[in-house]
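Engineer: Attaching a single structure in structure tokens format; questions to follow.
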Amino acid sequence: MSGTASPLGGLTRRSFLKTTAVAGAATVAVGAAAPTVALAEGAAPVTAGSAEEQVYRGVCRPNCFGFCHLNVHVHDGKVMKTTRAPYNESCYDRICQRGLSHVQRIYDPQRLQYPMRRAEGTERGAGQWERVTWDEALDEIAGKIKEIQGKYGESAVAFLTASGNQAAGITSAYSRLIALLNASNIGPCLDMGSYYGMAAVAGNYVSPLMGMMMWNGNEPTDAVNAKTIVVWGANITDAQIQNWHLIKEAKQAGVKLVVIDPIFTQIASQADKWIPIRPATDTLLKLALMRLVIERGAHDVAYLQQHTVAPYLVRSDTGKFLRRSDTGVAPTATGQVDATTGQEIMLDPVMVLVDGAIVPETEAAAPAIEGTCDFEGVECRTAFDLLVDNIMEHTVEEVSELTEIPVADIEELADIVIDGPVYHYEGYGPQAYNNGGQTTVAGLTLCALLGNLGKPGASYGAFWGIGLITNIAAAQYTAPKGPSTGFNIASVDLKNVVEQKKFQGKDADIKMLWMYSANPLNTHTDTHAWTDVIIPAMDYVVTADSALTDTAMYSDMVLPVAQWFELEEVANAGQCSSYNYNEKAIEPLYESKADPDIIRELAGKLGLGEFFTQSTSEVLDSLFSGPIATAVGASMDNLRDKKQVRFIPGDAEKKPYIAYENGAFATPTGRFEFYRETPVPRTPTTKTPTAEQVAAERLPHFEPPLEAWPENPLYEKYPLVLMSERPRYRVHSQWFSTPLLREIDPEPIVKINPADAKARGIADQSYIEAYNDRGTAVAKAIYSEAIRPGTLVYPKGWQLSQHKGGGWSNLSSTEFDVWIVNNNFMDVLCEIRPWDGKDR
Ligand SMILES: Nc1nc2c(c(=O)[nH]1)N[C@H]1C(S)=C(S)[C@@H](COP(=O)(O)OP(=O)(O)OC[C@H]3O[C@@H](n4cnc5c(=O)[nH]c(N)nc54)[C@H](O)[C@@H]3O)O[C@H]1N2
Ligand SMILES: Nc1nc2c(c(=O)[nH]1)N[C@H]1C(S)=C(S)[C@@H](COP(=O)(O)OP(=O)(O)OC[C@H]3O[C@@H](n4cnc5c(=O)[nH]c(N)nc54)[C@H](O)[C@@H]3O)O[C@H]1N2
Ligand code: SF4
Ligand SMILES: [Mo]
């Protein structure tokens, strides 16, 4: 096809998704209104297991954390339906309405079918495209990469990904190309409050066998071993549904359930106790609980002595631990070599107090956790004493006022957390504010105070891992000539880098963006930062996706990718204990191509073909062939045979994985570090922490959020805290146009407490416009008593074109905390008004 037309029927940006008209001439002729295209194309319905039917193993992998195994039923080369396939560990069997509606997603008439170039003379975002061949598309992209790298340097080309699909084949293919090109990497800033908080105090937990634990908590099957499950801002019935039955079964077995959430969520309705908390104040509540623990003398002194930095002496002059070398004794050689630095590990023990004497920790079996001493004129205090100072900064009454939780409820919660074991299940609500990393720091510290870690039923977090495909083979595959020399820029900082053209003291001029498995113009904060600053600064923008998302809309070239069941893959990340194997069930539809195949072809055009000679199956074979994969039984032979191979120790039902079981932590001291000598930002950015920020960051402490706070002057103008929820009928923006789900959930809504609505003259089911200084969003207001007065809750992930006006991410900001470097999705104030029919 030539000329300019939208392959979606020549419709405008706003209207193309709202129509059910049959797509334009360029598309394959399928009825958009048909429930399943395979059936619409005339295939006779088949019975499961019939001679004509083949059943393949699929893994649903949108990072809803579920990674459900599916039977992909294929008849005559078409997927007819998806049904639940068993996990090897049957306690993890699950599926949901999205997993059951894959046929409609695969054959979605709005699915991208061929490469498209932004039509000449039209603006980005205008939605006018011309169809091109793969050869034309990849020639153009290769030309642009060479041109831009030649003109601005290798790092000017950048790749950005998020959580759309993080499987081994796709990830390794892009990683290899990025490294070979020395391109820049724009890293995700999602859920990083939890990750930063955990890594800060308990260590960046990377195990050679298990991989990297984004959340090193006890396996969810261990919740039944607790006395109480305390849920901190997790919406398990909707967002972590695969775990809900485990929580329910634990409850049926007599475990108490407490839910701390500003909103009366579905799981709150199932709880023995719901504690409505003011948004962004969880850290304060945890500090109050710690205060009560200390006041009642309930802290576990032995655990603190042996497994935490509690007894370590801290110098008041430097804030560093007092070490034996301060006393003039040189560090001694240990004969052991640090695996990462390759240097010999030197022993320089921290000094502690025993009966008032300052001695090296190595010589003290039971060091004092309390005490002050003088060392050569410098006052030194134990880290425990410093922690207690911070804890005592706020009285329970003050905390009660700020959290809006009655003192009696805080006291009762203290009884509950002291009477362990307690399975604290933290979700991603509390960390979605600028001060969010500290909620995890404080939550884990509360547990360390009580020795409520490393035992059955005693945990903090929400188990989430990235199984390393890792073995030496994987490292070599992804960086055959060494790691990329390009920049590592946090996505939330990209706007700053683009504006300043500097990063970490170097000139940085990002000129090309390639986005895959990501829809940042929709799922990242402040859409205007993308459409008005980042995208306009680019010479060239590529998006690889299966749908014309908000991000694809603003691209110069859109590449149609194969759907999950159209290639062989291994999913190796998420809230699951295993590597999950996905068979290729059908050929990529239309002209779509699997991401690794796109990369392979492009590499050929870039003169890098020699690095991409293997097929994806061969790549997987070698990735899963090294000693580590072998040690956990995760060879591809085994994966192809068993479909699922557990990579964490233990057995889901008989011996669930317990985090920090031996009391060892992956911190610099090997202990739980509620006091940190040298806090470091999660990732480098254009900001540098001040000396004051460093001093504060060393210990758990409360800071008000950036916006969502009554003391903020902006609060007078914008008195509503704008909160989001995980959409039950999408995963972020995925499944956005699936007919079955849109029938149940047809348009953007926002839930509002009737009192707030009535005060503004807003009727139930009427359209409102939410607004602040950054932007607007139009949605249908739904009265709900479950919504805390002063807050709004919207299910996230509608594409811009699905809103009658604006979009939710227009209202959030790219401001970020210098330590956590995270998207503050809920640290947003706004006001609402009845909608006047205008699309601003
Ligand atoms: N269906 C579906 N499932 C998903 C996803 C999806 O898009 N759709 N996304 C997946 C992803 S990537 C993620 S990260 C997870 C997130 O999983 P969850 O964290 O379980 O999901 P959220 O909906 O963010 O729930 C957070 C809860 O925190 C509450 N909350 C908000 N602010 C505060 C606060 O200050 N304090 C406290 N205590 N609570 C607060 C909210 O009311 C909400 O109930 O869900 C995953 N699962
Ligand atoms: N308001 C608000 N926004 C949020 C959050 C919130 O709490 N509130 N939560 C955030 C969180 S925690 C997360 S994790 C993010 C997720 O943010 P994203 O990862 O950007 O969201 P998704 O919509 O899941 O996926 C992006 C795209 O990946 C594509 N994709 C899927 N599989 C493949 C593939 O194999 N290849 C390619 N090339 N593309 C593929 C999908 O079609 C989809 O368009 O959203 C964040 N956004
Ligand atoms: S969307 Fe999530 S819960 Fe639903 S089937 Fe897929 S992986 Fe499972
Ligand atoms: Mo996430």
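Letters for chains follow the order of the structure tokens (A, B, ...), residue numbers begin at 1 for each chain, and ligand numbers begin at 1 in the order shown.
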Using DSSP on the backbone coordinates, identify all residues within segment 375-448 of chain A classified as alpha helix (DSSP H); present the result as a VMD selection string.
Structural biologist: chain A and resid 383 to 391 396 to 403 407 to 418 437 to 448
Engineer: Please check which protein, DNA or RNA residues sit within 9 Å of ligand 4, counting only C-alpha atoms and all ligand atoms, and write them as a short mmCIF file (atom, residue, chain, number, x, y, z; two decimals) with C-alpha atoms, in the first residue's frame.
Structural biologist:
```
data_model
loop_
_atom_site.label_atom_id
_atom_site.label_comp_id
_atom_site.auth_asym_id
_atom_site.auth_seq_id
_atom_site.Cartn_x
_atom_site.Cartn_y
_atom_site.Cartn_z
CA ASN A 63 3.82 -8.86 34.67
CA CYS A 64 0.61 -8.97 36.58
CA PHE A 65 2.99 -11.11 38.68
CA ALA A 162 9.28 -1.49 31.14
CA SER A 163 7.30 -4.52 32.28
CA LEU A 190 8.55 1.34 38.69
CA ASP A 191 7.98 -0.16 42.14
CA MET A 192 11.43 1.07 43.12
CA TYR A 428 3.11 -0.96 45.96
CA HIS A 732 -1.60 -1.63 32.92
#
```
Engineer: Residues within 7 Å of ligand 1 (only C-alpha atoms and all ligand atoms), as a ChimeraX atom specification?
Structural biologist: /A:63-65,163,191,232-236,238-240,260-263,265,277-282,427-430,432,723-732,826
Engineer: Please, which residues in chain A fall within 7 Å of ligand 2 when counting only C-alpha atoms and all ligand atoms, and what is the closest atom pair and distance in Å to one decimal for each, ordered by chain then residue number, as a Markdown table?
Structural biologist:
```
| residue | atom | partner | partner_atom_place_in_ligand_line | distance |
| --- | --- | --- | --- | --- |
| A:Pro62 | CA | ligand 2 | 24 (O) | 5.7 |
| A:Asn63 | CA | ligand 2 | 24 (O) | 6.8 |
| A:Ala162 | CA | ligand 2 | 19 (O) | 4.0 |
| A:Ser163 | CA | ligand 2 | 19 (O) | 3.5 |
| A:Gly164 | CA | ligand 2 | 25 (O) | 3.5 |
| A:Asn165 | CA | ligand 2 | 32 (N) | 4.4 |
| A:Ile170 | CA | ligand 2 | 35 (O) | 6.9 |
| A:Leu190 | CA | ligand 2 | 12 (S) | 4.8 |
| A:Asp191 | CA | ligand 2 | 12 (S) | 5.1 |
| A:Ala432 | CA | ligand 2 | 7 (O) | 6.9 |
| A:Tyr516 | CA | ligand 2 | 38 (N) | 4.0 |
| A:Ser517 | CA | ligand 2 | 28 (O) | 3.2 |
| A:Ala518 | CA | ligand 2 | 26 (C) | 3.5 |
| A:Asn519 | CA | ligand 2 | 20 (O) | 3.8 |
| A:Pro520 | CA | ligand 2 | 20 (O) | 5.1 |
| A:Thr523 | CA | ligand 2 | 47 (N) | 3.8 |
| A:His524 | CA | ligand 2 | 47 (N) | 5.3 |
| A:Thr525 | CA | ligand 2 | 3 (N) | 6.8 |
| A:Ala544 | CA | ligand 2 | 38 (N) | 4.4 |
| A:Asp545 | CA | ligand 2 | 39 (N) | 4.2 |
| A:Ser546 | CA | ligand 2 | 42 (O) | 5.2 |
| A:Ala547 | CA | ligand 2 | 42 (O) | 5.7 |
| A:Thr549 | CA | ligand 2 | 44 (O) | 5.8 |
| A:Val561 | CA | ligand 2 | 38 (N) | 5.8 |
| A:Ala562 | CA | ligand 2 | 35 (O) | 6.8 |
| A:Gln563 | CA | ligand 2 | 35 (O) | 6.3 |
| A:Trp564 | CA | ligand 2 | 35 (O) | 6.1 |
| A:Asp595 | CA | ligand 2 | 36 (N) | 6.0 |
| A:Ser724 | CA | ligand 2 | 8 (N) | 5.0 |
| A:Glu725 | CA | ligand 2 | 7 (O) | 6.3 |
| A:Arg726 | CA | ligand 2 | 7 (O) | 6.6 |
| A:Val731 | CA | ligand 2 | 24 (O) | 5.5 |
| A:His732 | CA | ligand 2 | 23 (O) | 4.2 |
| A:Ser733 | CA | ligand 2 | 23 (O) | 3.5 |
| A:Gln734 | CA | ligand 2 | 23 (O) | 4.5 |
| A:Lys796 | CA | ligand 2 | 1 (N) | 5.3 |
| A:Gly797 | CA | ligand 2 | 23 (O) | 6.7 |
| A:Trp808 | CA | ligand 2 | 1 (N) | 6.7 |
| A:Ser809 | CA | ligand 2 | 1 (N) | 6.0 |
| A:Phe825 | CA | ligand 2 | 8 (N) | 4.9 |
| A:Met826 | CA | ligand 2 | 8 (N) | 6.8 |
```
Engineer: Output N, CA and C atoms of each residue in that selection to a file, as a CSV table (one decimal), in the first residue's frame.
Structural biologist:
```csv
chain,number,residue,atom,x,y,z
A,62,PRO,N,2.2,-10.7,31.3
A,62,PRO,CA,2.1,-9.3,31.3
A,62,PRO,C,2.7,-8.6,32.5
A,63,ASN,N,3.4,-9.4,33.4
A,63,ASN,CA,3.8,-8.9,34.7
A,63,ASN,C,2.7,-8.4,35.5
A,162,ALA,N,10.0,-1.5,29.8
A,162,ALA,CA,9.3,-1.5,31.1
A,162,ALA,C,8.9,-2.9,31.5
A,163,SER,N,7.6,-3.2,31.8
A,163,SER,CA,7.3,-4.5,32.3
A,163,SER,C,6.3,-5.3,31.4
A,164,GLY,N,6.2,-4.8,30.1
A,164,GLY,CA,5.3,-5.5,29.2
A,164,GLY,C,5.5,-6.9,29.0
A,165,ASN,N,6.8,-7.3,28.9
A,165,ASN,CA,7.2,-8.7,28.8
A,165,ASN,C,8.7,-8.8,29.1
A,170,ILE,N,13.6,-12.3,24.6
A,170,ILE,CA,13.5,-10.9,24.2
A,170,ILE,C,14.5,-10.0,25.0
A,190,LEU,N,9.8,1.9,38.3
A,190,LEU,CA,8.6,1.3,38.7
A,190,LEU,C,8.7,0.5,39.9
A,191,ASP,N,7.9,0.7,40.9
A,191,ASP,CA,8.0,-0.2,42.1
A,191,ASP,C,9.3,-0.1,42.9
A,432,ALA,N,4.3,4.6,46.4
A,432,ALA,CA,4.0,5.4,45.2
A,432,ALA,C,4.0,6.9,45.4
A,516,TYR,N,10.3,-0.7,23.7
A,516,TYR,CA,9.7,-2.0,23.5
A,516,TYR,C,9.2,-2.5,24.9
A,517,SER,N,8.2,-3.4,24.8
A,517,SER,CA,7.5,-3.8,26.1
A,517,SER,C,7.3,-2.7,27.0
A,518,ALA,N,6.9,-1.6,26.5
A,518,ALA,CA,6.7,-0.4,27.4
A,518,ALA,C,5.7,0.6,26.7
A,519,ASN,N,5.0,1.2,27.5
A,519,ASN,CA,4.1,2.3,26.9
A,519,ASN,C,4.2,3.5,27.8
A,520,PRO,N,5.4,4.1,27.8
A,520,PRO,CA,5.7,5.2,28.8
A,520,PRO,C,4.8,6.4,28.7
A,523,THR,N,2.0,4.8,30.8
A,523,THR,CA,2.2,4.2,32.1
A,523,THR,C,3.2,4.9,33.0
A,524,HIS,N,3.9,5.9,32.5
A,524,HIS,CA,4.9,6.6,33.3
A,524,HIS,C,4.3,8.0,33.6
A,525,THR,N,4.9,8.6,34.6
A,525,THR,CA,4.3,9.9,35.1
A,525,THR,C,4.4,11.0,34.0
A,544,ALA,N,8.3,-0.8,19.2
A,544,ALA,CA,7.9,-2.2,18.8
A,544,ALA,C,6.8,-2.6,19.8
A,545,ASP,N,5.7,-2.9,19.2
A,545,ASP,CA,4.5,-3.4,20.1
A,545,ASP,C,3.6,-4.1,19.2
A,546,SER,N,2.6,-4.7,19.8
A,546,SER,CA,1.6,-5.4,19.0
A,546,SER,C,0.3,-4.5,18.8
A,547,ALA,N,0.3,-3.4,19.5
A,547,ALA,CA,-0.8,-2.5,19.4
A,547,ALA,C,-0.4,-1.1,19.2
A,549,THR,N,-0.3,1.8,20.6
A,549,THR,CA,-0.5,2.4,22.0
A,549,THR,C,-0.2,3.9,21.9
A,561,VAL,N,5.0,-6.5,16.6
A,561,VAL,CA,5.7,-7.7,17.2
A,561,VAL,C,4.7,-8.9,17.3
A,562,ALA,N,5.4,-10.1,17.3
A,562,ALA,CA,4.6,-11.3,17.5
A,562,ALA,C,4.0,-11.4,18.9
A,563,GLN,N,2.9,-12.0,19.0
A,563,GLN,CA,2.3,-12.2,20.3
A,563,GLN,C,2.9,-13.3,21.1
A,564,TRP,N,2.6,-13.5,22.4
A,564,TRP,CA,3.4,-14.4,23.2
A,564,TRP,C,3.4,-15.8,22.8
A,595,ASP,N,10.3,-10.2,18.5
A,595,ASP,CA,11.4,-9.2,18.8
A,595,ASP,C,12.8,-9.7,18.5
A,724,SER,N,-4.4,5.7,42.1
A,724,SER,CA,-4.7,4.8,41.0
A,724,SER,C,-4.9,3.4,41.6
A,725,GLU,N,-5.6,2.6,40.9
A,725,GLU,CA,-5.7,1.2,41.2
A,725,GLU,C,-5.3,0.3,40.0
A,726,ARG,N,-4.9,-0.9,40.3
A,726,ARG,CA,-4.6,-1.8,39.1
A,726,ARG,C,-5.9,-2.2,38.5
A,731,VAL,N,-3.9,-5.3,32.3
A,731,VAL,CA,-2.7,-5.2,33.1
A,731,VAL,C,-2.0,-4.0,32.5
A,732,HIS,N,-2.0,-3.0,33.4
A,732,HIS,CA,-1.6,-1.6,32.9
A,732,HIS,C,-2.4,-1.3,31.7
A,733,SER,N,-1.7,-1.1,30.5
A,733,SER,CA,-2.4,-0.8,29.3
A,733,SER,C,-2.7,-2.0,28.4
A,734,GLN,N,-2.3,-3.1,28.9
A,734,GLN,CA,-2.5,-4.3,28.0
A,734,GLN,C,-4.0,-4.8,28.1
A,796,LYS,N,-6.1,2.4,36.3
A,796,LYS,CA,-5.1,3.0,35.4
A,796,LYS,C,-5.1,2.3,34.0
A,797,GLY,N,-4.4,2.9,33.1
A,797,GLY,CA,-4.0,2.2,31.9
A,797,GLY,C,-4.9,2.4,30.6
A,808,TRP,N,-5.1,10.1,32.4
A,808,TRP,CA,-4.7,10.2,33.9
A,808,TRP,C,-3.2,10.6,34.1
A,809,SER,N,-2.4,10.1,33.2
A,809,SER,CA,-0.9,10.4,33.5
A,809,SER,C,-0.6,11.8,33.1
A,825,PHE,N,3.5,7.8,41.5
A,825,PHE,CA,2.2,7.7,40.8
A,825,PHE,C,1.1,8.3,41.6
A,826,MET,N,1.1,8.2,42.9
A,826,MET,CA,0.0,8.7,43.7
A,826,MET,C,0.3,10.0,44.5
```
Engineer: Write out as a PyMOL selection string the residues lying within 10 Å of Val258 of chain A, counting only C-alpha atoms and excluding same-chain residues fewer than 2 positions away.
Structural biologist: chain A and resi 228-232+255-256+260-261+267-268+270-275+413+416+424
Engineer: May I have the selected residues written with N, CA and C atoms, as an mmCIF file, in the first residue's frame?
Structural biologist:
```cif
data_model
loop_
_atom_site.group_PDB
_atom_site.id
_atom_site.type_symbol
_atom_site.label_atom_id
_atom_site.label_comp_id
_atom_site.auth_asym_id
_atom_site.auth_seq_id
_atom_site.Cartn_x
_atom_site.Cartn_y
_atom_site.Cartn_z
ATOM 1 N N THR A 228 -0.614 -13.768 62.230
ATOM 2 C CA THR A 228 -1.381 -12.707 61.575
ATOM 3 C C THR A 228 -0.705 -12.339 60.258
ATOM 4 N N ILE A 229 -1.531 -12.039 59.261
ATOM 5 C CA ILE A 229 -1.027 -11.461 58.012
ATOM 6 C C ILE A 229 -1.395 -9.989 58.068
ATOM 7 N N VAL A 230 -0.391 -9.128 57.952
ATOM 8 C CA VAL A 230 -0.672 -7.690 57.929
ATOM 9 C C VAL A 230 -0.386 -7.182 56.518
ATOM 10 N N VAL A 231 -1.419 -6.704 55.865
ATOM 11 C CA VAL A 231 -1.285 -6.241 54.482
ATOM 12 C C VAL A 231 -1.133 -4.723 54.487
ATOM 13 N N TRP A 232 0.002 -4.266 54.003
ATOM 14 C CA TRP A 232 0.272 -2.822 53.907
ATOM 15 C C TRP A 232 0.096 -2.403 52.444
ATOM 16 N N VAL A 255 -5.482 -17.989 60.617
ATOM 17 C CA VAL A 255 -4.569 -16.842 60.649
ATOM 18 C C VAL A 255 -5.399 -15.559 60.555
ATOM 19 N N LYS A 256 -5.076 -14.590 61.402
ATOM 20 C CA LYS A 256 -5.812 -13.306 61.375
ATOM 21 C C LYS A 256 -5.335 -12.461 60.196
ATOM 22 N N ILE A 260 -4.111 -2.610 56.028
ATOM 23 C CA ILE A 260 -3.870 -1.177 56.244
ATOM 24 C C ILE A 260 -3.916 -0.506 54.881
ATOM 25 N N ASP A 261 -4.937 0.264 54.632
ATOM 26 C CA ASP A 261 -5.151 0.835 53.298
ATOM 27 C C ASP A 261 -6.092 2.026 53.447
ATOM 28 N N ILE A 267 -10.089 -6.696 49.610
ATOM 29 C CA ILE A 267 -9.399 -7.495 50.632
ATOM 30 C C ILE A 267 -9.642 -6.893 52.021
ATOM 31 N N ALA A 268 -9.807 -5.559 52.077
ATOM 32 C CA ALA A 268 -10.129 -4.943 53.369
ATOM 33 C C ALA A 268 -11.470 -5.481 53.872
ATOM 34 N N GLN A 270 -12.552 -8.332 53.549
ATOM 35 C CA GLN A 270 -12.385 -9.717 54.006
ATOM 36 C C GLN A 270 -11.571 -9.798 55.298
ATOM 37 N N ALA A 271 -11.073 -8.648 55.768
ATOM 38 C CA ALA A 271 -10.113 -8.658 56.872
ATOM 39 C C ALA A 271 -10.790 -8.737 58.231
ATOM 40 N N ASP A 272 -10.034 -9.220 59.217
ATOM 41 C CA ASP A 272 -10.511 -9.170 60.598
ATOM 42 C C ASP A 272 -10.466 -7.732 61.083
ATOM 43 N N LYS A 273 -9.495 -6.992 60.549
ATOM 44 C CA LYS A 273 -9.416 -5.581 60.933
ATOM 45 C C LYS A 273 -8.917 -4.764 59.748
ATOM 46 N N TRP A 274 -9.621 -3.679 59.460
ATOM 47 C CA TRP A 274 -9.179 -2.745 58.417
ATOM 48 C C TRP A 274 -8.761 -1.454 59.093
ATOM 49 N N ILE A 275 -7.572 -1.002 58.795
ATOM 50 C CA ILE A 275 -7.084 0.253 59.373
ATOM 51 C C ILE A 275 -6.945 1.272 58.246
ATOM 52 N N LEU A 413 -2.638 -2.582 67.097
ATOM 53 C CA LEU A 413 -1.767 -3.078 66.038
ATOM 54 C C LEU A 413 -0.395 -3.449 66.591
ATOM 55 N N ILE A 416 -0.553 -6.803 67.983
ATOM 56 C CA ILE A 416 -0.585 -7.807 66.912
ATOM 57 C C ILE A 416 0.811 -8.049 66.348
ATOM 58 N N HIS A 424 4.076 -9.908 57.110
ATOM 59 C CA HIS A 424 3.749 -8.564 56.608
ATOM 60 C C HIS A 424 3.803 -8.614 55.087
#
```
Engineer: Give me the residues within 10 Å of Phe612 of chain A as a short mmCIF file (atom, residue, chain, number, x, y, z; two decimals) with all heavy atoms, in the first residue's frame, counting only C-alpha atoms and dropping any in the same chain fewer than 3 places off.
Structural biologist:
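Result file follows (selection.cif):
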```
data_model
loop_
_atom_site.label_atom_id
_atom_site.label_comp_id
_atom_site.auth_asym_id
_atom_site.auth_seq_id
_atom_site.Cartn_x
_atom_site.Cartn_y
_atom_site.Cartn_z
N ALA A 173 18.08 -10.62 23.70
CA ALA A 173 18.31 -10.11 22.34
C ALA A 173 18.55 -8.59 22.37
O ALA A 173 19.52 -8.09 21.79
CB ALA A 173 17.12 -10.44 21.44
N ARG A 176 21.86 -7.65 24.12
CA ARG A 176 23.04 -7.89 23.28
C ARG A 176 23.22 -6.76 22.27
O ARG A 176 24.32 -6.25 22.07
CB ARG A 176 22.89 -9.24 22.57
CG ARG A 176 24.13 -9.74 21.86
CD ARG A 176 23.85 -11.15 21.36
NE ARG A 176 24.88 -11.71 20.52
CZ ARG A 176 25.86 -12.50 20.95
NH1 ARG A 176 25.96 -12.80 22.22
NH2 ARG A 176 26.74 -13.01 20.11
N LEU A 177 22.12 -6.35 21.64
CA LEU A 177 22.22 -5.28 20.65
C LEU A 177 22.65 -3.96 21.32
O LEU A 177 23.52 -3.24 20.82
CB LEU A 177 20.89 -5.09 19.92
CG LEU A 177 20.94 -4.02 18.82
CD1 LEU A 177 21.80 -4.49 17.64
CD2 LEU A 177 19.54 -3.66 18.33
N TYR A 477 26.63 -13.83 26.50
CA TYR A 477 25.69 -13.61 25.40
C TYR A 477 25.26 -12.15 25.35
O TYR A 477 25.26 -11.51 24.30
CB TYR A 477 24.44 -14.51 25.53
CG TYR A 477 23.55 -14.30 24.34
CD1 TYR A 477 23.85 -14.93 23.13
CD2 TYR A 477 22.48 -13.41 24.38
CE1 TYR A 477 23.08 -14.68 21.99
CE2 TYR A 477 21.72 -13.15 23.25
CZ TYR A 477 22.02 -13.79 22.06
OH TYR A 477 21.29 -13.53 20.95
N PRO A 596 13.13 -10.94 19.02
CA PRO A 596 14.50 -11.39 18.76
C PRO A 596 14.80 -11.52 17.26
O PRO A 596 15.93 -11.27 16.83
CB PRO A 596 14.57 -12.77 19.43
CG PRO A 596 13.48 -12.75 20.45
CD PRO A 596 12.40 -11.89 19.88
N ASP A 597 13.77 -11.84 16.46
CA ASP A 597 13.99 -11.93 15.01
C ASP A 597 14.17 -10.55 14.40
O ASP A 597 14.96 -10.36 13.47
CB ASP A 597 12.82 -12.67 14.34
CG ASP A 597 12.75 -14.14 14.77
OD1 ASP A 597 13.82 -14.68 15.15
OD2 ASP A 597 11.66 -14.73 14.75
N ILE A 599 15.49 -8.01 15.93
CA ILE A 599 16.86 -7.59 16.33
C ILE A 599 17.89 -8.28 15.43
O ILE A 599 18.86 -7.68 14.98
CB ILE A 599 17.11 -7.95 17.82
CG1 ILE A 599 16.13 -7.21 18.72
CG2 ILE A 599 18.55 -7.67 18.22
CD1 ILE A 599 16.21 -5.72 18.66
N ARG A 600 17.65 -9.56 15.18
CA ARG A 600 18.60 -10.32 14.35
C ARG A 600 18.71 -9.71 12.95
O ARG A 600 19.80 -9.49 12.45
CB ARG A 600 18.14 -11.79 14.27
CG ARG A 600 19.20 -12.73 13.76
CD ARG A 600 18.73 -14.18 13.84
NE ARG A 600 18.49 -14.60 15.22
CZ ARG A 600 17.31 -14.90 15.74
NH1 ARG A 600 16.21 -14.82 15.01
NH2 ARG A 600 17.21 -15.26 17.00
N GLU A 601 17.56 -9.41 12.37
CA GLU A 601 17.58 -8.84 11.01
C GLU A 601 18.21 -7.46 10.99
O GLU A 601 18.98 -7.12 10.10
CB GLU A 601 16.16 -8.77 10.44
CG GLU A 601 15.70 -10.12 9.94
CD GLU A 601 14.33 -10.05 9.28
OE1 GLU A 601 14.05 -9.08 8.56
OE2 GLU A 601 13.53 -10.98 9.53
N LEU A 602 17.89 -6.68 12.00
CA LEU A 602 18.45 -5.33 12.07
C LEU A 602 19.97 -5.41 12.24
O LEU A 602 20.72 -4.64 11.61
CB LEU A 602 17.83 -4.56 13.24
CG LEU A 602 18.39 -3.16 13.46
CD1 LEU A 602 18.00 -2.23 12.30
CD2 LEU A 602 17.89 -2.57 14.78
N ALA A 603 20.41 -6.33 13.10
CA ALA A 603 21.85 -6.48 13.34
C ALA A 603 22.58 -6.75 12.03
O ALA A 603 23.67 -6.22 11.79
CB ALA A 603 22.10 -7.59 14.35
N GLY A 604 21.96 -7.56 11.18
CA GLY A 604 22.56 -7.85 9.87
C GLY A 604 22.78 -6.56 9.09
O GLY A 604 23.84 -6.33 8.52
N LEU A 608 26.36 -6.23 12.20
CA LEU A 608 26.62 -6.98 13.43
C LEU A 608 26.08 -8.41 13.32
O LEU A 608 25.88 -9.10 14.32
CB LEU A 608 25.93 -6.28 14.63
CG LEU A 608 26.46 -4.88 14.97
CD1 LEU A 608 25.53 -4.19 15.98
CD2 LEU A 608 27.88 -4.97 15.54
N GLY A 609 25.85 -8.85 12.09
CA GLY A 609 25.24 -10.15 11.85
C GLY A 609 25.99 -11.31 12.49
O GLY A 609 25.37 -12.28 12.96
N SER A 615 19.47 -19.10 16.12
CA SER A 615 18.01 -18.92 16.23
C SER A 615 17.67 -18.69 17.70
O SER A 615 18.49 -18.97 18.59
CB SER A 615 17.29 -20.18 15.74
OG SER A 615 17.51 -21.22 16.69
N THR A 616 16.47 -18.18 17.96
CA THR A 616 16.08 -17.93 19.36
C THR A 616 16.15 -19.21 20.18
O THR A 616 16.58 -19.20 21.33
CB THR A 616 14.67 -17.31 19.42
OG1 THR A 616 14.69 -16.14 18.61
CG2 THR A 616 14.28 -16.94 20.83
N VAL A 619 19.64 -19.79 21.06
CA VAL A 619 20.07 -18.83 22.10
C VAL A 619 19.60 -19.32 23.46
O VAL A 619 20.36 -19.36 24.43
CB VAL A 619 19.52 -17.41 21.80
CG1 VAL A 619 19.77 -16.48 22.98
CG2 VAL A 619 20.15 -16.85 20.53
#
```
Engineer: Would you mind listing what lies within 6 Å of segment 447-461 of chain A as an NGL selection string, with only C-alpha atoms counted and same-chain residues fewer than 5 positions away left out?
Structural biologist: :A and (217-218 or 222-223 or 225-226 or 299-300 or 303 or 421-426 or 658-661)
Engineer: At what distance in Å, to one decimal, does atom CA of Leu112 of chain A lie from atom CA of Gly775 of chain A?
Structural biologist: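 Between these atoms lies a distance of 29.3 Å.
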